[in-house]
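Enquirer: Got a structure for you, written out below as structure tokens; questions coming shortly.
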Amino acid sequence: MKTIKALFFYLLLVLLHNCGSSPIISTPEENIDNIPLKISNLSESELKKWSHLDLTKDTIPGISLEKAYSEIIKTNKGVTTIVAVIDSGVDINHEDLSSSIWVNTKEIPNNGKDDDNNGFIDDVNGWNFIGDTYDEQFEFVRLIVSGDSSNPRYADALFEYQKQYQKYTEAKTNTENLIQQVTTADNRISSYLNKKNYTKEDVFAIRTEDQNVLEAVSIMRSVYTYNFETVDAIKAALNKDLKLINERLTVHLNKNLKGRKTKDNPNDINDIGYGDNNVKPYDAEETHGTHVSGIIAAKRDNNKGINGVANNVKIMPIRNTPNGDEYDKDIALAIRYAVDNGAKIINMSFGKYFSPHKEWVKDAILYAASNDVLIVHAAGNDALNLDSSLNFPTDVDNGKEIADNFINVGATYYRYGSDLVADYSNYGKQNVDIFAPGSSIYSTVPNNSYESEGGTSMAAPLVTGVAALIRSQYPNLTASQVKKAILNSGLEINTKVIVGGNIGDIKSFDTLSKSGKLLNAYNALLEASKLNNN
């Protein structure tokens, strides 16, 4: 489920009540330990690679990847590891990804035949289980539309729909009001200064007794507090939020939307043979799969863009994620496709809170486990405790893990201290395994471009990349052993952190996941070496 981290949530009280001060979040006293806090802002260069840096050396809580390469891996590439990225479309022609895309050598391109008899015609680079589908409803909306009131979660679906519809209807009104307030303030200040392109310094230098101008100055000072340098930037951010909110109302919560374009029955797991071989993005805004793939596998040291985590990996793109919730059938069949075609690791940076055919997905997870395939999954972006909230896909059934090949990943921020845990990240001592950097992660997007994106969706591929490094360097280790190496070797952090962005909810970091740790590539490789030698 897509989560909107809209700007209006941060500015609503400030602007609607015309308060000129920003909230102060202090570091809890218990948070002071032996690791120095990096107080200054990260440089542009640091921001682009912060997730690869080292906490001790750089005072930035990355995964010590650069240290791992310089001291352990060096130029050793090991064996090629195939990683399936089950996600939205992937730009397989991207300058920083094209050499890292899996090729099905058993398939003759574009001859209209299933040359390798795997059930998929011309699947040269992977498979697209959703065809031309882009916009989709959320799963709970589909459940309501089905009219199946006998479903044990039908009442939950109705409640969730009503809650979200009210929330985003109010959000739409509030964001429109914010845009109007900022526009009015901008016009007043422009008129007062007699220039349109004024600076932040100009605003802070204004001295007047004109109450209208003072009100405008208070609003703009509040805006600048949230790291916006120009009025155009704040307007662009608010308009982007409004677009996402409208999308939530008109697409994801739209009961009349007929999103699925394939002609199969999504409620029949045996109705197969649908989809096509076009694994590329369907829409210009479909960047997610490309971004995730770059984190794992962008070509290293080629003087272009970024360095991926793994140095000898092939990405198998499997398109199953629309602009909305995935179907359980597509998830299950995508996992099986990845396993059957040689993937050793599967990255799944998606999730939802309703799963009408969860048994199909669990069977697929078990199938992956029986074939020694590791699955890495993003924990989700709703600041929920997954020990008391349902989240899918999952390897947990009735409180017990069904297999030992599944890693659920939470997200962290680039500041070590009380705000280490990303304010959106789900967590759970029993149902989240480990945390990894997930905020402001710079990676590939379509058309040879690069952008920073955030979410547990970005944390999961960092874990996947480390898993790929381990499977390349130590190919004899099992999926279970790779999981053990990663979870056992993470950085132990006892720091008190703010959970869910709520300064009233302070917890010790080690209580937020099963391992209680932060991913560390250097340590994971050392631990893998020990397991390999036993």
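In the structure tokens, chains take the letters A, B, ... in the order shown, each chain's residues start at 1, and ligands count up from 1 in the order shown.
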Would you kindly return, as a list in words, each protein, DNA or RNA residue with an atom no farther than 8 Å from any atom of range 358-363 of chain A, considering only C-alpha atoms and excluding same-chain residues fewer than 3 positions away?
Expert: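 Listing them by chain and then by number gives Ile269, Asp328, Lys329, Ile331, Ala332, Ser355, Leu366, Tyr367, Phe392, Pro393, Thr394 and Asp395 of chain A.
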Enquirer: Any chance you could list, as a PyMOL selection string, the residues in range 356-430 of chain A that come up alpha helix (DSSP H) when DSSP is run on the backbone?
Expert: chain A and resi 358-370
Enquirer: Pick out the closest residue to Phe509 in chain A from this set: A:Glu451, A:Asp419, A:Glu136, A:Asp87. Count only C-alpha atoms.
Expert: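 Looking at the shortest contact to Phe509 in chain A, the residue is A:Asp419.
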Enquirer: Which residue gives the smallest distance to Gly273 in chain A among A:Ser425, A:Thr59, A:Ser452, A:Asn128, with only C-alpha atoms counted?
Expert: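 The answer is A:Asn128, which sits nearest to Gly273 in chain A.
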Enquirer: In terms of the shortest atom-to-atom distance over only C-alpha atoms, which of A:Ser150, A:Asn534, A:Ser443, A:Asn520 is closest to Val292 in chain A?
Expert: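 Of A:Ser150, A:Asn534, A:Ser443, A:Asn520, the one nearest Val292 in chain A, counting only C-alpha atoms, is A:Ser443.
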Enquirer: What's the 8 Å shell around Gly465 in chain A, counting only C-alpha atoms, without same-chain residues fewer than 2 positions away, as number ranges by chain?
Expert: A: 295-297, 308-310, 461-463, 467-469
Enquirer: May I have the residues from that selection written out with N, CA, C and O atoms, as a PDB file, in the first residue's frame?
Expert:
ATOM      1  N   ILE A 295      19.722   0.412  -6.217  1.00  0.00           N
ATOM      2  CA  ILE A 295      20.307   0.264  -4.880  1.00  0.00           C
ATOM      3  C   ILE A 295      21.067  -1.053  -4.784  1.00  0.00           C
ATOM      4  O   ILE A 295      22.165  -1.126  -4.227  1.00  0.00           O
ATOM      5  N   ILE A 296      20.506  -2.088  -5.353  1.00  0.00           N
ATOM      6  CA  ILE A 296      21.126  -3.413  -5.310  1.00  0.00           C
ATOM      7  C   ILE A 296      22.285  -3.536  -6.284  1.00  0.00           C
ATOM      8  O   ILE A 296      23.372  -4.002  -5.925  1.00  0.00           O
ATOM      9  N   ALA A 297      22.075  -3.072  -7.530  1.00  0.00           N
ATOM     10  CA  ALA A 297      22.940  -3.543  -8.614  1.00  0.00           C
ATOM     11  C   ALA A 297      23.489  -2.498  -9.559  1.00  0.00           C
ATOM     12  O   ALA A 297      24.066  -2.865 -10.591  1.00  0.00           O
ATOM     13  N   GLY A 308      26.021   0.444  -6.792  1.00  0.00           N
ATOM     14  CA  GLY A 308      25.113  -0.483  -6.140  1.00  0.00           C
ATOM     15  C   GLY A 308      25.828  -1.213  -5.018  1.00  0.00           C
ATOM     16  O   GLY A 308      27.055  -1.164  -4.907  1.00  0.00           O
ATOM     17  N   VAL A 309      25.078  -1.901  -4.183  1.00  0.00           N
ATOM     18  CA  VAL A 309      25.680  -2.624  -3.069  1.00  0.00           C
ATOM     19  C   VAL A 309      26.476  -3.830  -3.556  1.00  0.00           C
ATOM     20  O   VAL A 309      27.601  -4.067  -3.126  1.00  0.00           O
ATOM     21  N   ALA A 310      25.904  -4.594  -4.478  1.00  0.00           N
ATOM     22  CA  ALA A 310      26.537  -5.830  -4.938  1.00  0.00           C
ATOM     23  C   ALA A 310      27.368  -5.590  -6.197  1.00  0.00           C
ATOM     24  O   ALA A 310      27.019  -4.752  -7.031  1.00  0.00           O
ATOM     25  N   PRO A 461      16.186  -3.280  -0.262  1.00  0.00           N
ATOM     26  CA  PRO A 461      17.227  -3.620  -1.237  1.00  0.00           C
ATOM     27  C   PRO A 461      18.648  -3.462  -0.720  1.00  0.00           C
ATOM     28  O   PRO A 461      19.576  -4.069  -1.267  1.00  0.00           O
ATOM     29  N   LEU A 462      18.866  -2.662   0.322  1.00  0.00           N
ATOM     30  CA  LEU A 462      20.187  -2.628   0.933  1.00  0.00           C
ATOM     31  C   LEU A 462      20.490  -3.977   1.584  1.00  0.00           C
ATOM     32  O   LEU A 462      21.605  -4.508   1.466  1.00  0.00           O
ATOM     33  N   VAL A 463      19.495  -4.555   2.255  1.00  0.00           N
ATOM     34  CA  VAL A 463      19.658  -5.894   2.821  1.00  0.00           C
ATOM     35  C   VAL A 463      19.840  -6.916   1.709  1.00  0.00           C
ATOM     36  O   VAL A 463      20.704  -7.805   1.786  1.00  0.00           O
ATOM     37  N   ALA A 467      22.939  -9.411   1.064  1.00  0.00           N
ATOM     38  CA  ALA A 467      22.713 -10.850   0.890  1.00  0.00           C
ATOM     39  C   ALA A 467      23.339 -11.343  -0.415  1.00  0.00           C
ATOM     40  O   ALA A 467      23.916 -12.441  -0.473  1.00  0.00           O
ATOM     41  N   ALA A 468      23.234 -10.528  -1.470  1.00  0.00           N
ATOM     42  CA  ALA A 468      23.835 -10.898  -2.757  1.00  0.00           C
ATOM     43  C   ALA A 468      25.353 -10.953  -2.663  1.00  0.00           C
ATOM     44  O   ALA A 468      25.995 -11.835  -3.252  1.00  0.00           O
ATOM     45  N   LEU A 469      25.937 -10.009  -1.926  1.00  0.00           N
ATOM     46  CA  LEU A 469      27.384 -10.040  -1.703  1.00  0.00           C
ATOM     47  C   LEU A 469      27.794 -11.346  -1.018  1.00  0.00           C
ATOM     48  O   LEU A 469      28.771 -11.996  -1.404  1.00  0.00           O
TER      49      LEU A 469
END
Enquirer: Counting only C-alpha atoms, which residue out of A:Leu97, A:Ile375, A:Ile407, A:Leu253 sits closest to Glu139 in chain A?
Expert: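 Under the stated criterion, the closest residue is A:Leu253.
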Enquirer: As JSON, numbers by chain, please: the residues near range 184-191 of chain A (cut-off 7 Å, only C-alpha atoms, same-chain neighbours under 5 positions excluded).
Expert: {"A": [196, 213, 216, 219]}
